[in-house]
>>> print(open('work-v8.pdb').read())   # PDB, C-alpha atoms
ATOM      1  CA  MET A1384     -49.254  21.906 -81.455
ATOM      2  CA  THR A1385     -49.561  24.531 -84.149
ATOM      3  CA  TYR A1386     -48.326  27.914 -85.253
ATOM      4  CA  VAL A1387     -50.125  31.034 -84.045
ATOM      5  CA  ILE A1388     -50.580  34.475 -85.590
ATOM      6  CA  SER A1389     -50.558  37.331 -83.087
ATOM      7  CA  GLN A1390     -50.967  41.086 -82.619
ATOM      8  CA  PRO A1391     -48.505  42.392 -85.248
ATOM      9  CA  CYS A1392     -50.854  41.016 -87.928
ATOM     10  CA  VAL A1393     -53.903  42.930 -86.682
ATOM     11  CA  ASP A1394     -54.898  45.519 -89.313
ATOM     12  CA  VAL A1395     -51.867  44.535 -91.459
ATOM     13  CA  LYS A1396     -52.630  41.150 -93.124
ATOM     14  CA  ASP A1397     -49.524  40.997 -95.337
ATOM     15  CA  ARG A1398     -50.479  37.552 -96.734
ATOM     16  CA  ALA A1399     -46.915  36.389 -97.490
ATOM     17  CA  CYS A1400     -47.616  33.500 -95.121
ATOM     18  CA  VAL A1401     -50.730  32.531 -97.082
ATOM     19  CA  ASP A1402     -48.692  32.228-100.272
ATOM     20  CA  GLU A1403     -46.095  30.082 -98.494
ATOM     21  CA  CYS A1404     -48.432  27.676 -96.665
ATOM     22  CA  PRO A1405     -48.401  24.273 -98.412
ATOM     23  CA  VAL A1406     -51.658  23.083 -96.793
ATOM     24  CA  ASP A1407     -53.795  26.230 -97.189
ATOM     25  CA  CYS A1408     -54.554  26.504 -93.451
ATOM     26  CA  ILE A1409     -54.175  30.295 -93.056
ATOM     27  CA  TYR A1410     -57.575  31.973 -93.210
ATOM     28  CA  GLU A1411     -58.285  35.671 -93.672
ATOM     29  CA  GLY A1412     -60.513  37.348 -91.119
ATOM     30  CA  ALA A1413     -61.696  40.939 -91.214
ATOM     31  CA  ARG A1414     -58.703  42.331 -89.285
ATOM     32  CA  MET A1415     -56.055  39.607 -89.260
ATOM     33  CA  LEU A1416     -55.064  36.175 -90.530
ATOM     34  CA  TYR A1417     -55.653  32.987 -88.532
ATOM     35  CA  ILE A1418     -53.979  29.571 -88.617
ATOM     36  CA  HIS A1419     -56.397  26.654 -88.262
ATOM     37  CA  PRO A1420     -54.978  24.605 -85.358
ATOM     38  CA  ASP A1421     -56.241  21.271 -86.735
ATOM     39  CA  GLU A1422     -55.219  21.850 -90.349
ATOM     40  CA  CYS A1423     -51.699  23.173 -89.647
ATOM     41  CA  VAL A1424     -49.043  20.485 -90.181
ATOM     42  CA  ASP A1425     -46.381  22.375 -88.209
ATOM     43  CA  CYS A1426     -44.055  22.766 -91.189
ATOM     44  CA  GLY A1427     -43.031  26.289 -90.183
ATOM     45  CA  ALA A1428     -42.959  27.649 -93.744
ATOM     46  CA  CYS A1429     -45.086  30.641 -92.737
ATOM     47  CA  GLU A1430     -42.940  31.911 -89.880
ATOM     48  CA  PRO A1431     -39.824  33.206 -91.693
ATOM     49  CA  VAL A1432     -41.772  34.982 -94.460
ATOM     50  CA  CYS A1433     -43.901  37.116 -92.109
ATOM     51  CA  PRO A1434     -42.557  40.677 -92.457
ATOM     52  CA  VAL A1435     -43.999  41.791 -89.100
ATOM     53  CA  GLU A1436     -42.905  38.683 -87.134
ATOM     54  CA  ALA A1437     -46.473  37.882 -86.095
ATOM     55  CA  ILE A1438     -46.123  34.085 -86.373
ATOM     56  CA  ALA A1439     -44.649  31.822 -83.706
ATOM     57  CA  TYR A1440     -44.823  28.173 -82.754
ATOM     58  CA  GLU A1441     -47.511  27.734 -80.096
ATOM     59  CA  ASP A1442     -44.974  26.998 -77.328
ATOM     60  CA  ASP A1443     -42.935  30.063 -78.313
ATOM     61  CA  VAL A1444     -45.702  32.692 -78.358
ATOM     62  CA  PRO A1445     -44.469  35.551 -76.130
ATOM     63  CA  ALA A1446     -46.390  35.867 -72.856
ATOM     64  CA  PRO A1447     -47.900  39.275 -73.758
ATOM     65  CA  MET A1448     -49.374  37.647 -76.894
ATOM     66  CA  ALA A1449     -50.733  34.505 -75.184
ATOM     67  CA  ALA A1450     -54.369  35.519 -75.761
ATOM     68  CA  PHE A1451     -53.824  35.123 -79.501
ATOM     69  CA  THR A1452     -53.371  31.351 -79.149
ATOM     70  CA  ALA A1453     -56.964  31.058 -77.957
ATOM     71  CA  ALA A1454     -58.105  33.709 -80.447
ATOM     72  CA  ASN A1455     -56.736  31.692 -83.383
ATOM     73  CA  ALA A1456     -58.705  28.642 -82.223
ATOM     74  CA  ALA A1457     -61.835  30.678 -81.409
ATOM     75  CA  PHE A1458     -61.972  32.047 -84.962
ATOM     76  CA  PHE A1459     -62.888  28.530 -86.112
ATOM     77  CA  ASP A1460     -65.588  27.833 -83.500
ATOM     78  CA  ASP A1461     -68.365  28.537 -86.030
ATOM     79  CA  LEU A1462     -66.436  27.522 -89.154
ATOM     80  CA  GLY A1463     -65.281  24.107 -88.056
ATOM     81  CA  SER A1464     -62.610  22.652 -90.314
ATOM     82  CA  PRO A1465     -63.392  23.832 -93.850
ATOM     83  CA  GLY A1466     -60.376  22.046 -95.318
ATOM     84  CA  GLY A1467     -58.732  24.993 -97.025
ATOM     85  CA  ALA A1468     -58.744  28.760 -96.899
ATOM     86  CA  ALA A1469     -58.614  29.502-100.625
ATOM     87  CA  LYS A1470     -62.157  28.339-101.306
ATOM     88  CA  LEU A1471     -63.560  30.600 -98.564
ATOM     89  CA  GLY A1472     -61.639  33.810 -99.262
ATOM     90  CA  LEU A1473     -62.163  36.729 -96.887
ATOM     91  CA  ILE A1474     -64.300  35.863 -93.882
ATOM     92  CA  GLU A1475     -65.910  39.076 -92.648
ATOM     93  CA  LYS A1476     -65.477  38.351 -88.946
ATOM     94  CA  ASP A1477     -62.779  37.998 -86.321
ATOM     95  CA  ALA A1478     -62.310  36.133 -83.080
ATOM     96  CA  PRO A1479     -64.029  38.074 -80.296
ATOM     97  CA  TYR A1480     -60.689  39.009 -78.702
ATOM     98  CA  VAL A1481     -59.389  40.500 -81.952
ATOM     99  CA  ALA A1482     -62.693  42.204 -82.788
ATOM    100  CA  GLY A1483     -62.495  43.982 -79.436
ATOM    101  CA  LEU A1484     -59.032  45.433 -80.003
ATOM    102  CA  GLU A1485     -58.744  49.084 -80.892
ATOM    103  CA  ALA A1486     -57.278  49.853 -84.290
ATOM    104  CA  HIS A1487     -53.486  49.706 -84.175
ATOM    105  CA  GLU A1488     -53.619  48.987 -80.435
ATOM    106  CA  ALA A1489     -50.276  48.443 -78.782
ATOM    107  CA  THR A1490     -49.294  44.941 -77.690
ATOM    108  CA  PRO A1491     -51.560  43.794 -74.828
TER     109      PRO A1491
END
>>> encode(input="work-v8.pdb", output="structure tokens")
Amino acid sequence: MTYVISQPCVDVKDRACVDECPVDCIYEGARMLYIHPDECVDCGACEPVCPVEAIAYEDDVPAPMAAFTAANAAFFDDLGSPGGAAKLGLIEKDAPYVAGLEAHEATP
């Protein structure tokens, strides 16, 4: 299991979670941040610092946000497991689901 970033992060990318993550597993896409499901150690440090409440434990992702669980994993389909977000910086792409969302779209 892992933590998941969902819709409130789209077009916001506050980055407080990035600063808090002890294993550097939160990557920055073009429109939102993504947690690498294999690199996350389930510590939960990211969840309470998110100002828009976009982060939840995988089992606790609200039903209307369920597509973001797959979107977080899909973001890494081409990247694999780079072993740390800091060395990559901004990745100018998003998961297909997120890329297809309208700007500031309401919760699906």
>>> closest_atom_pairs(input="work-v8.pdb", of="region 1446-1474 of chain A", to="region 1387-1396 of chain A", cutoff="9 Å", atoms="all atoms listed in the file", output="Markdown table")
| residue | atom | partner | partner_atom | distance |
| --- | --- | --- | --- | --- |
| A:Met1448 | CA | A:Ser1389 | CA | 6.3 |
| A:Ala1449 | CA | A:Ser1389 | CA | 8.4 |
| A:Ala1450 | CA | A:Ser1389 | CA | 8.5 |
| A:Phe1451 | CA | A:Ser1389 | CA | 5.3 |
| A:Thr1452 | CA | A:Val1387 | CA | 5.9 |
| A:Ala1454 | CA | A:Ser1389 | CA | 8.8 |
| A:Asn1455 | CA | A:Val1387 | CA | 6.7 |
>>> closest_residue(input="work-v8.pdb", among="A:Ala1469, A:Glu1485, A:Phe1459, A:Ser1464", to="Val1401 (chain A)", atoms="only C-alpha atoms")
A:Ala1469
>>> residues_around(input="work-v8.pdb", residues="Tyr1410 (chain A)", least_positions_apart="2", cutoff="12 Å", atoms="all atoms listed in the file", output="PyMOL selection string")
chain A and resi 1387-1388+1396+1398+1400-1402+1404+1406-1408+1412-1420+1422-1423+1455-1456+1458-1459+1462+1464-1478
>>> atom_distance(input="work-v8.pdb", atom1="CA of Ala1482 (chain A)", atom2="CA of Val1432 (chain A)")
25.0 Å
>>> resolve_selection(input="work-v8.pdb", expression="the PyMOL selection byres ((chain A and resi 1425) around 10)", output="number ranges by chain")
A: 1384-1386, 1420, 1422-1424, 1426-1429, 1440-1441
>>> atom_distance(input="work-v8.pdb", atom1="CA of Pro1479 (chain A)", atom2="CA of Gly1463 (chain A)")
16.0 Å
>>> closest_residue(input="work-v8.pdb", among="A:Ala1486, A:Ile1409, A:Ala1399, A:Val1481", to="Pro1434 (chain A)", atoms="only C-alpha atoms")
A:Ala1399
>>> atom_distance(input="work-v8.pdb", atom1="CA of Tyr1480 (chain A)", atom2="CA of Pro1405 (chain A)")
27.5 Å
>>> closest_residue(input="work-v8.pdb", among="A:Asp1397, A:Asp1461, A:Asp1442, A:Glu1436", to="Glu1411 (chain A)", atoms="all atoms listed in the file")
A:Asp1397
>>> build_atoms(input="work-v8.pdb", residues="region 1391-1409 of chain A", atoms="N, CA and C atoms", output="PDB file, in the coordinates of the input")
ATOM      1  N   PRO A1391     -49.056  41.607 -84.141  1.00  0.00           N
ATOM      2  CA  PRO A1391     -48.505  42.392 -85.248  1.00  0.00           C
ATOM      3  C   PRO A1391     -49.272  42.256 -86.569  1.00  0.00           C
ATOM      4  N   CYS A1392     -50.075  41.211 -86.701  1.00  0.00           N
ATOM      5  CA  CYS A1392     -50.854  41.016 -87.928  1.00  0.00           C
ATOM      6  C   CYS A1392     -52.152  41.821 -87.942  1.00  0.00           C
ATOM      7  N   VAL A1393     -52.629  42.215 -86.766  1.00  0.00           N
ATOM      8  CA  VAL A1393     -53.903  42.930 -86.682  1.00  0.00           C
ATOM      9  C   VAL A1393     -53.833  44.217 -87.508  1.00  0.00           C
ATOM     10  N   ASP A1394     -54.778  44.369 -88.413  1.00  0.00           N
ATOM     11  CA  ASP A1394     -54.898  45.519 -89.313  1.00  0.00           C
ATOM     12  C   ASP A1394     -53.742  45.632 -90.308  1.00  0.00           C
ATOM     13  N   VAL A1395     -52.972  44.538 -90.483  1.00  0.00           N
ATOM     14  CA  VAL A1395     -51.867  44.535 -91.459  1.00  0.00           C
ATOM     15  C   VAL A1395     -52.150  43.521 -92.563  1.00  0.00           C
ATOM     16  N   LYS A1396     -52.317  42.247 -92.199  1.00  0.00           N
ATOM     17  CA  LYS A1396     -52.630  41.150 -93.124  1.00  0.00           C
ATOM     18  C   LYS A1396     -51.760  41.153 -94.376  1.00  0.00           C
ATOM     19  N   ASP A1397     -50.466  40.996 -94.212  1.00  0.00           N
ATOM     20  CA  ASP A1397     -49.524  40.997 -95.337  1.00  0.00           C
ATOM     21  C   ASP A1397     -49.779  39.871 -96.337  1.00  0.00           C
ATOM     22  N   ARG A1398     -50.138  38.700 -95.915  1.00  0.00           N
ATOM     23  CA  ARG A1398     -50.479  37.552 -96.734  1.00  0.00           C
ATOM     24  C   ARG A1398     -49.284  36.787 -97.318  1.00  0.00           C
ATOM     25  N   ALA A1399     -48.066  37.166 -97.017  1.00  0.00           N
ATOM     26  CA  ALA A1399     -46.915  36.389 -97.490  1.00  0.00           C
ATOM     27  C   ALA A1399     -46.985  34.966 -96.949  1.00  0.00           C
ATOM     28  N   CYS A1400     -47.488  34.824 -95.734  1.00  0.00           N
ATOM     29  CA  CYS A1400     -47.616  33.500 -95.121  1.00  0.00           C
ATOM     30  C   CYS A1400     -48.631  32.643 -95.867  1.00  0.00           C
ATOM     31  N   VAL A1401     -49.689  33.251 -96.345  1.00  0.00           N
ATOM     32  CA  VAL A1401     -50.730  32.531 -97.082  1.00  0.00           C
ATOM     33  C   VAL A1401     -50.135  31.923 -98.344  1.00  0.00           C
ATOM     34  N   ASP A1402     -49.325  32.703 -99.039  1.00  0.00           N
ATOM     35  CA  ASP A1402     -48.692  32.228-100.272  1.00  0.00           C
ATOM     36  C   ASP A1402     -47.714  31.087-100.004  1.00  0.00           C
ATOM     37  N   GLU A1403     -47.113  31.074 -98.835  1.00  0.00           N
ATOM     38  CA  GLU A1403     -46.095  30.082 -98.494  1.00  0.00           C
ATOM     39  C   GLU A1403     -46.665  28.792 -97.915  1.00  0.00           C
ATOM     40  N   CYS A1404     -47.851  28.835 -97.356  1.00  0.00           N
ATOM     41  CA  CYS A1404     -48.432  27.676 -96.665  1.00  0.00           C
ATOM     42  C   CYS A1404     -48.771  26.547 -97.649  1.00  0.00           C
ATOM     43  N   PRO A1405     -48.145  25.372 -97.477  1.00  0.00           N
ATOM     44  CA  PRO A1405     -48.401  24.273 -98.412  1.00  0.00           C
ATOM     45  C   PRO A1405     -49.735  23.555 -98.205  1.00  0.00           C
ATOM     46  N   VAL A1406     -50.403  23.787 -97.065  1.00  0.00           N
ATOM     47  CA  VAL A1406     -51.658  23.083 -96.793  1.00  0.00           C
ATOM     48  C   VAL A1406     -52.864  24.012 -96.737  1.00  0.00           C
ATOM     49  N   ASP A1407     -52.685  25.273 -97.086  1.00  0.00           N
ATOM     50  CA  ASP A1407     -53.795  26.230 -97.189  1.00  0.00           C
ATOM     51  C   ASP A1407     -54.596  26.332 -95.887  1.00  0.00           C
ATOM     52  N   CYS A1408     -53.867  26.466 -94.755  1.00  0.00           N
ATOM     53  CA  CYS A1408     -54.554  26.504 -93.451  1.00  0.00           C
ATOM     54  C   CYS A1408     -54.567  27.901 -92.825  1.00  0.00           C
ATOM     55  N   ILE A1409     -54.181  28.929 -93.583  1.00  0.00           N
ATOM     56  CA  ILE A1409     -54.175  30.295 -93.056  1.00  0.00           C
ATOM     57  C   ILE A1409     -55.356  31.037 -93.662  1.00  0.00           C
TER      58      ILE A1409
END
